[in-house]
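Report on the structure given below.
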Amino acid sequence: MNSGSESVAVIIADDHPLFRGAMRLAIDGMFKMPRVIEAASVDETIGALQGAESIDLVLLDLKMPGMSGFSGLSYIRAQFPSVPVIVVSGAGEHATIRRCLDFGAAGFIPKTTDVDTMRAAIKTVLNGGTWTPPDFDQSRPADKETADLVRRLASLTPQQMRVLMMLSEGLLNKQIAYELSVSEATVKAHVSAILTKLGVESRTQAVIAAAKIDIGEGKPEVVEGV
């Protein structure tokens with residue numbers, strides 16, 4: 001895809017309107033007829049992906065309503081595997097970038113990156129490549145414990161990951177069932193599968209396990225009851 005000569009459909013997923021506006025300006029300067037969809041939460045991002053005919057790229061912030069660590073990224077990549085995702089975040093530590101790549105991101109752009117470099121990164125990913133900051137060492141792997149947890153989380157189905165995201169928000173089974181339009185029995189089955197795949201014994205431990213690689217501050221609220 002050549003900059004300035006073709007249309008492109010992009011979702012800008014960030015809960016800060018000013019930053020979404022800045023990203024929109026960056027994209028407008030790259031293509032003749034860009035179609036830009038803005039989303040301020042994980043649910044809005046998923047809704048945009050489900051409702052659009054075709055999306056070429058998602059620019060995803062790691063800290064939005066409904067986003068628990070890397071679960072939102074993992075869910076989007078599992079549910080919409082043909083849509084590349086670039087994480088655009090203020091958290092630019094090596095471990096964070098490594099985990100984004102492990103969960104399927106095609107790139108990572110620190111929010112401090114200048115506009116020209118952002119555009120170059122977007123072009124690289126749209127052309128099928130991967131982009132990370134120049135000082136990121138891609139050959140340096142994650143630690144063994146984190147790599148194992150990433151593998152376990154990646155084994156969850158999209159629906160199981162969605163349930164885990166809701167568990168991290170402290171929702172009860174009946175609330176999750178309502179949100180997903182399924183029965184409580186179905187939710188219980190998902191929770192059971194999550195516990196098995198993560199190798200834990202309770203929903204509290206499942207949320208704690210996911211939070212071990214959470215880039216957010218604080219501990220997630222967990223409600224044990226059903």
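Letters A, B, ... go to the chains of the structure tokens in the order shown; residues in each chain start at 1; ligands are counted from 1 in the same order.
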Using DSSP on the backbone, list every residue of stretch 33-207 of chain A that comes out as strand (DSSP E), and give them as an mmCIF file with N, CA and C atoms, in the first residue's frame.
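Written file, selection07.cif:
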```cif
data_model
loop_
_atom_site.group_PDB
_atom_site.id
_atom_site.type_symbol
_atom_site.label_atom_id
_atom_site.label_comp_id
_atom_site.auth_asym_id
_atom_site.auth_seq_id
_atom_site.Cartn_x
_atom_site.Cartn_y
_atom_site.Cartn_z
ATOM 1 N N PRO A 34 -8.504 8.342 3.549
ATOM 2 C CA PRO A 34 -8.476 7.464 4.724
ATOM 3 C C PRO A 34 -9.850 7.380 5.390
ATOM 4 N N ARG A 35 -10.198 6.194 5.850
ATOM 5 C CA ARG A 35 -11.423 6.011 6.635
ATOM 6 C C ARG A 35 -10.980 5.708 8.054
ATOM 7 N N VAL A 36 -11.199 6.654 8.937
ATOM 8 C CA VAL A 36 -10.717 6.549 10.303
ATOM 9 C C VAL A 36 -11.903 6.390 11.250
ATOM 10 N N ILE A 37 -11.847 5.349 12.059
ATOM 11 C CA ILE A 37 -12.869 5.094 13.071
ATOM 12 C C ILE A 37 -12.218 5.267 14.436
ATOM 13 N N GLU A 38 -12.833 6.071 15.285
ATOM 14 C CA GLU A 38 -12.288 6.296 16.617
ATOM 15 C C GLU A 38 -13.035 5.456 17.644
ATOM 16 N N ALA A 39 -12.292 4.903 18.593
ATOM 17 C CA ALA A 39 -12.867 4.097 19.670
ATOM 18 C C ALA A 39 -12.215 4.495 20.979
ATOM 19 N N LEU A 57 -6.020 -1.721 9.716
ATOM 20 C CA LEU A 57 -5.076 -1.548 10.812
ATOM 21 C C LEU A 57 -5.803 -1.063 12.060
ATOM 22 N N VAL A 58 -5.347 -1.542 13.217
ATOM 23 C CA VAL A 58 -5.816 -1.018 14.504
ATOM 24 C C VAL A 58 -4.628 -0.405 15.224
ATOM 25 N N LEU A 59 -4.782 0.837 15.652
ATOM 26 C CA LEU A 59 -3.797 1.501 16.496
ATOM 27 C C LEU A 59 -4.364 1.457 17.905
ATOM 28 N N LEU A 60 -3.750 0.671 18.777
ATOM 29 C CA LEU A 60 -4.351 0.305 20.055
ATOM 30 C C LEU A 60 -3.558 0.803 21.254
ATOM 31 N N VAL A 85 -2.301 -5.166 14.280
ATOM 32 C CA VAL A 85 -2.460 -4.236 15.396
ATOM 33 C C VAL A 85 -1.104 -3.625 15.738
ATOM 34 N N ILE A 86 -1.075 -2.302 15.804
ATOM 35 C CA ILE A 86 0.090 -1.604 16.335
ATOM 36 C C ILE A 86 -0.294 -1.051 17.695
ATOM 37 N N VAL A 87 0.466 -1.406 18.709
ATOM 38 C CA VAL A 87 0.241 -0.836 20.031
ATOM 39 C C VAL A 87 0.908 0.529 20.074
ATOM 40 N N VAL A 88 0.136 1.537 20.475
ATOM 41 C CA VAL A 88 0.660 2.894 20.638
ATOM 42 C C VAL A 88 0.498 3.239 22.108
ATOM 43 N N SER A 89 1.602 3.294 22.829
ATOM 44 C CA SER A 89 1.510 3.367 24.286
ATOM 45 C C SER A 89 2.567 4.282 24.889
ATOM 46 N N GLY A 107 3.448 -4.264 15.716
ATOM 47 C CA GLY A 107 4.346 -3.145 15.952
ATOM 48 C C GLY A 107 4.077 -2.497 17.285
ATOM 49 N N PHE A 108 5.019 -1.670 17.707
ATOM 50 C CA PHE A 108 4.879 -0.919 18.951
ATOM 51 C C PHE A 108 5.444 0.465 18.725
ATOM 52 N N ILE A 109 4.593 1.480 18.931
ATOM 53 C CA ILE A 109 5.019 2.871 18.765
ATOM 54 C C ILE A 109 4.871 3.601 20.097
ATOM 55 N N PRO A 110 5.961 4.066 20.693
ATOM 56 C CA PRO A 110 5.843 4.895 21.897
ATOM 57 C C PRO A 110 5.111 6.200 21.562
#
```
Which neighbours of stretch 177-190 of chain A fall inside 12 Å, counting only C-alpha atoms, when residues of the same chain fewer than 6 positions from it are skipped, and could you give them as a list in words?
->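 Contacts, in chain order: Asp43, Leu156, Thr157, Pro158, Gln159, Gln160, Met161, Arg162, Val163, Leu164, Met166, Leu167, Leu171, Thr196, Lys197, Ser202, Arg203, Gly225 and Val226 of chain A.
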Please produce a file of those selected residues containing N, CA and C atoms, as a compact mmCIF listing (two decimals), in the first residue's frame.
```
# COMPACT_ATOMS: atom_id res chain seq x y z
N ASP A 43 -14.62 -2.27 24.21
CA ASP A 43 -15.91 -2.65 23.62
C ASP A 43 -16.17 -1.88 22.33
N LEU A 156 -6.08 -19.61 25.33
CA LEU A 156 -7.50 -19.35 25.56
C LEU A 156 -8.19 -19.00 24.25
N THR A 157 -9.42 -19.46 24.10
CA THR A 157 -10.21 -19.07 22.94
C THR A 157 -10.60 -17.60 23.08
N PRO A 158 -11.03 -16.94 22.00
CA PRO A 158 -11.46 -15.54 22.12
C PRO A 158 -12.54 -15.34 23.17
N GLN A 159 -13.51 -16.26 23.24
CA GLN A 159 -14.58 -16.10 24.22
C GLN A 159 -14.05 -16.29 25.64
N GLN A 160 -13.14 -17.23 25.82
CA GLN A 160 -12.54 -17.43 27.14
C GLN A 160 -11.73 -16.20 27.56
N MET A 161 -11.02 -15.61 26.61
CA MET A 161 -10.27 -14.39 26.92
C MET A 161 -11.21 -13.26 27.29
N ARG A 162 -12.34 -13.19 26.60
CA ARG A 162 -13.34 -12.16 26.92
C ARG A 162 -13.87 -12.36 28.34
N VAL A 163 -14.13 -13.60 28.70
CA VAL A 163 -14.60 -13.89 30.06
C VAL A 163 -13.54 -13.51 31.08
N LEU A 164 -12.27 -13.82 30.79
CA LEU A 164 -11.19 -13.47 31.71
C LEU A 164 -11.09 -11.95 31.88
N MET A 166 -13.54 -9.90 31.74
CA MET A 166 -14.66 -9.49 32.58
C MET A 166 -14.44 -9.92 34.03
N LEU A 167 -13.81 -11.08 34.22
CA LEU A 167 -13.45 -11.49 35.58
C LEU A 167 -12.50 -10.46 36.20
N LEU A 171 -16.66 -8.74 37.51
CA LEU A 171 -18.04 -9.09 37.20
C LEU A 171 -18.39 -10.50 37.69
N THR A 196 -8.31 -24.42 34.01
CA THR A 196 -7.53 -25.57 33.56
C THR A 196 -6.35 -25.13 32.70
N LYS A 197 -6.62 -24.24 31.75
CA LYS A 197 -5.56 -23.81 30.83
C LYS A 197 -4.49 -22.98 31.52
N SER A 202 -8.69 -21.23 41.16
CA SER A 202 -9.82 -20.33 41.42
C SER A 202 -9.79 -19.16 40.46
N ARG A 203 -10.93 -18.50 40.36
CA ARG A 203 -11.00 -17.32 39.48
C ARG A 203 -10.08 -16.22 39.99
N GLY A 225 -17.85 -14.85 44.20
CA GLY A 225 -19.17 -15.47 44.11
C GLY A 225 -19.62 -15.65 42.68
N VAL A 226 -20.65 -16.46 42.51
CA VAL A 226 -21.20 -16.71 41.19
C VAL A 226 -22.62 -16.17 41.13
```
What is the atom CA of A:Leu198 to atom CA of A:Asn173 distance in Å?
-> 18.6 Å
How many Å lie between atom CA of A:Trp131 and atom CA of A:Ala106, rounded to one decimal?
-> 6.8 Å
Out of chain A, which residues get alpha helix (DSSP H) from DSSP, as a PDB file with C-alpha atoms, in the first residue's frame?
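What landed in out_35.pdb:
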```
ATOM      1  CA  PRO A  17      -9.671  12.498  22.412  1.00  0.00           C
ATOM      2  CA  LEU A  18      -6.662  14.779  21.885  1.00  0.00           C
ATOM      3  CA  PHE A  19      -4.369  11.863  21.095  1.00  0.00           C
ATOM      4  CA  ARG A  20      -6.966  10.311  18.758  1.00  0.00           C
ATOM      5  CA  GLY A  21      -7.112  13.662  16.979  1.00  0.00           C
ATOM      6  CA  ALA A  22      -3.334  13.788  16.632  1.00  0.00           C
ATOM      7  CA  MET A  23      -3.248  10.260  15.206  1.00  0.00           C
ATOM      8  CA  ARG A  24      -6.069  11.122  12.800  1.00  0.00           C
ATOM      9  CA  LEU A  25      -4.044  14.090  11.501  1.00  0.00           C
ATOM     10  CA  ALA A  26      -1.024  11.830  11.029  1.00  0.00           C
ATOM     11  CA  ILE A  27      -3.062   9.346   9.000  1.00  0.00           C
ATOM     12  CA  ASP A  28      -4.850  12.052   7.001  1.00  0.00           C
ATOM     13  CA  VAL A  42     -12.195  -2.088  24.224  1.00  0.00           C
ATOM     14  CA  ASP A  43     -15.912  -2.651  23.621  1.00  0.00           C
ATOM     15  CA  GLU A  44     -16.043   0.192  21.086  1.00  0.00           C
ATOM     16  CA  THR A  45     -12.969  -1.220  19.348  1.00  0.00           C
ATOM     17  CA  ILE A  46     -14.474  -4.689  19.120  1.00  0.00           C
ATOM     18  CA  GLY A  47     -17.777  -3.215  17.923  1.00  0.00           C
ATOM     19  CA  ALA A  48     -15.976  -1.272  15.203  1.00  0.00           C
ATOM     20  CA  LEU A  49     -14.140  -4.391  14.051  1.00  0.00           C
ATOM     21  CA  GLN A  50     -17.378  -6.367  13.969  1.00  0.00           C
ATOM     22  CA  GLY A  51     -19.334  -3.655  12.199  1.00  0.00           C
ATOM     23  CA  SER A  71      -5.999  -9.338  27.380  1.00  0.00           C
ATOM     24  CA  GLY A  72      -7.624  -6.849  25.007  1.00  0.00           C
ATOM     25  CA  LEU A  73      -4.758  -7.151  22.537  1.00  0.00           C
ATOM     26  CA  SER A  74      -4.830 -10.940  22.790  1.00  0.00           C
ATOM     27  CA  TYR A  75      -8.598 -11.027  22.273  1.00  0.00           C
ATOM     28  CA  ILE A  76      -8.509  -8.753  19.228  1.00  0.00           C
ATOM     29  CA  ARG A  77      -5.687 -10.736  17.628  1.00  0.00           C
ATOM     30  CA  ALA A  78      -7.487 -14.043  18.236  1.00  0.00           C
ATOM     31  CA  GLN A  79     -10.882 -12.802  17.067  1.00  0.00           C
ATOM     32  CA  HIS A  94      11.504  -3.533  26.800  1.00  0.00           C
ATOM     33  CA  ALA A  95       9.334  -6.063  28.676  1.00  0.00           C
ATOM     34  CA  THR A  96       6.125  -4.320  27.593  1.00  0.00           C
ATOM     35  CA  ILE A  97       7.161  -4.255  23.935  1.00  0.00           C
ATOM     36  CA  ARG A  98       8.266  -7.902  24.118  1.00  0.00           C
ATOM     37  CA  ARG A  99       4.898  -8.951  25.543  1.00  0.00           C
ATOM     38  CA  CYS A 100       2.981  -6.980  22.916  1.00  0.00           C
ATOM     39  CA  LEU A 101       4.845  -8.860  20.194  1.00  0.00           C
ATOM     40  CA  ASP A 102       4.308 -12.163  21.995  1.00  0.00           C
ATOM     41  CA  VAL A 115       4.932  12.128  13.440  1.00  0.00           C
ATOM     42  CA  ASP A 116       7.270  11.212  10.579  1.00  0.00           C
ATOM     43  CA  THR A 117       8.503   8.127  12.422  1.00  0.00           C
ATOM     44  CA  MET A 118       4.921   7.141  13.310  1.00  0.00           C
ATOM     45  CA  ARG A 119       3.970   7.356   9.647  1.00  0.00           C
ATOM     46  CA  ALA A 120       6.992   5.245   8.674  1.00  0.00           C
ATOM     47  CA  ALA A 121       5.967   2.641  11.278  1.00  0.00           C
ATOM     48  CA  ILE A 122       2.390   2.556   9.990  1.00  0.00           C
ATOM     49  CA  LYS A 123       3.599   2.144   6.398  1.00  0.00           C
ATOM     50  CA  THR A 124       5.905  -0.701   7.437  1.00  0.00           C
ATOM     51  CA  VAL A 125       3.079  -2.634   9.112  1.00  0.00           C
ATOM     52  CA  LEU A 126       0.575  -1.963   6.319  1.00  0.00           C
ATOM     53  CA  LYS A 144      10.871 -18.207  31.217  1.00  0.00           C
ATOM     54  CA  GLU A 145       8.007 -17.632  33.676  1.00  0.00           C
ATOM     55  CA  THR A 146       6.520 -14.832  31.604  1.00  0.00           C
ATOM     56  CA  ALA A 147       6.928 -16.795  28.376  1.00  0.00           C
ATOM     57  CA  ASP A 148       5.067 -19.746  29.919  1.00  0.00           C
ATOM     58  CA  LEU A 149       2.245 -17.495  31.124  1.00  0.00           C
ATOM     59  CA  VAL A 150       1.996 -15.830  27.721  1.00  0.00           C
ATOM     60  CA  ARG A 151       1.733 -19.284  26.137  1.00  0.00           C
ATOM     61  CA  ARG A 152      -1.025 -20.302  28.560  1.00  0.00           C
ATOM     62  CA  LEU A 153      -2.992 -17.100  28.006  1.00  0.00           C
ATOM     63  CA  ALA A 154      -2.577 -17.440  24.246  1.00  0.00           C
ATOM     64  CA  PRO A 158     -11.458 -15.542  22.115  1.00  0.00           C
ATOM     65  CA  GLN A 159     -14.575 -16.099  24.224  1.00  0.00           C
ATOM     66  CA  GLN A 160     -12.538 -17.425  27.140  1.00  0.00           C
ATOM     67  CA  MET A 161     -10.275 -14.393  26.924  1.00  0.00           C
ATOM     68  CA  ARG A 162     -13.344 -12.163  26.924  1.00  0.00           C
ATOM     69  CA  VAL A 163     -14.600 -13.893  30.060  1.00  0.00           C
ATOM     70  CA  LEU A 164     -11.190 -13.467  31.712  1.00  0.00           C
ATOM     71  CA  MET A 165     -11.284  -9.753  30.875  1.00  0.00           C
ATOM     72  CA  MET A 166     -14.661  -9.492  32.584  1.00  0.00           C
ATOM     73  CA  LEU A 167     -13.447 -11.489  35.580  1.00  0.00           C
ATOM     74  CA  SER A 168     -10.629  -8.959  35.876  1.00  0.00           C
ATOM     75  CA  ASN A 173     -21.028 -14.955  36.336  1.00  0.00           C
ATOM     76  CA  LYS A 174     -24.586 -13.700  35.915  1.00  0.00           C
ATOM     77  CA  GLN A 175     -23.308 -10.288  34.822  1.00  0.00           C
ATOM     78  CA  ILE A 176     -20.920 -11.864  32.321  1.00  0.00           C
ATOM     79  CA  ALA A 177     -23.735 -14.066  31.010  1.00  0.00           C
ATOM     80  CA  TYR A 178     -25.893 -10.978  30.468  1.00  0.00           C
ATOM     81  CA  GLU A 179     -23.126  -9.045  28.719  1.00  0.00           C
ATOM     82  CA  LEU A 180     -22.282 -11.959  26.399  1.00  0.00           C
ATOM     83  CA  GLU A 184     -24.661 -18.818  33.353  1.00  0.00           C
ATOM     84  CA  ALA A 185     -23.878 -22.489  32.714  1.00  0.00           C
ATOM     85  CA  THR A 186     -21.920 -21.467  29.627  1.00  0.00           C
ATOM     86  CA  VAL A 187     -19.999 -18.876  31.615  1.00  0.00           C
ATOM     87  CA  LYS A 188     -19.195 -21.460  34.314  1.00  0.00           C
ATOM     88  CA  ALA A 189     -17.900 -23.798  31.609  1.00  0.00           C
ATOM     89  CA  HIS A 190     -15.678 -21.020  30.255  1.00  0.00           C
ATOM     90  CA  VAL A 191     -14.364 -20.228  33.738  1.00  0.00           C
ATOM     91  CA  SER A 192     -13.592 -23.909  34.320  1.00  0.00           C
ATOM     92  CA  ALA A 193     -11.691 -24.087  31.021  1.00  0.00           C
ATOM     93  CA  ILE A 194      -9.771 -20.911  31.894  1.00  0.00           C
ATOM     94  CA  LEU A 195      -8.685 -22.362  35.232  1.00  0.00           C
ATOM     95  CA  THR A 196      -7.526 -25.571  33.562  1.00  0.00           C
ATOM     96  CA  LYS A 197      -5.565 -23.809  30.831  1.00  0.00           C
ATOM     97  CA  LEU A 198      -3.900 -21.400  33.249  1.00  0.00           C
ATOM     98  CA  ARG A 203     -11.000 -17.322  39.480  1.00  0.00           C
ATOM     99  CA  THR A 204      -8.989 -15.143  41.873  1.00  0.00           C
ATOM    100  CA  GLN A 205      -5.807 -16.996  40.918  1.00  0.00           C
ATOM    101  CA  ALA A 206      -6.703 -16.709  37.233  1.00  0.00           C
ATOM    102  CA  VAL A 207      -7.001 -12.935  37.460  1.00  0.00           C
ATOM    103  CA  ILE A 208      -3.795 -12.706  39.514  1.00  0.00           C
ATOM    104  CA  ALA A 209      -1.985 -14.826  36.914  1.00  0.00           C
ATOM    105  CA  ALA A 210      -3.125 -12.529  34.116  1.00  0.00           C
ATOM    106  CA  ALA A 211      -2.193  -9.480  36.196  1.00  0.00           C
TER     107      ALA A 211
END
```
Which distance in Å separates atom CA of A:His16 and atom CA of A:Gly90, to one decimal?
-> 12.2 Å
Could you name the residues that touch A:Val8 at 8 Å or less, counting only C-alpha atoms, but leaving out those on the same chain fewer than 2 positions away, as a list in words?
->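 Surrounding residues, per the criterion: Glu6, Val10, Phe31, Met33, Pro34, Arg35, Ile55 and Asp56 of chain A.
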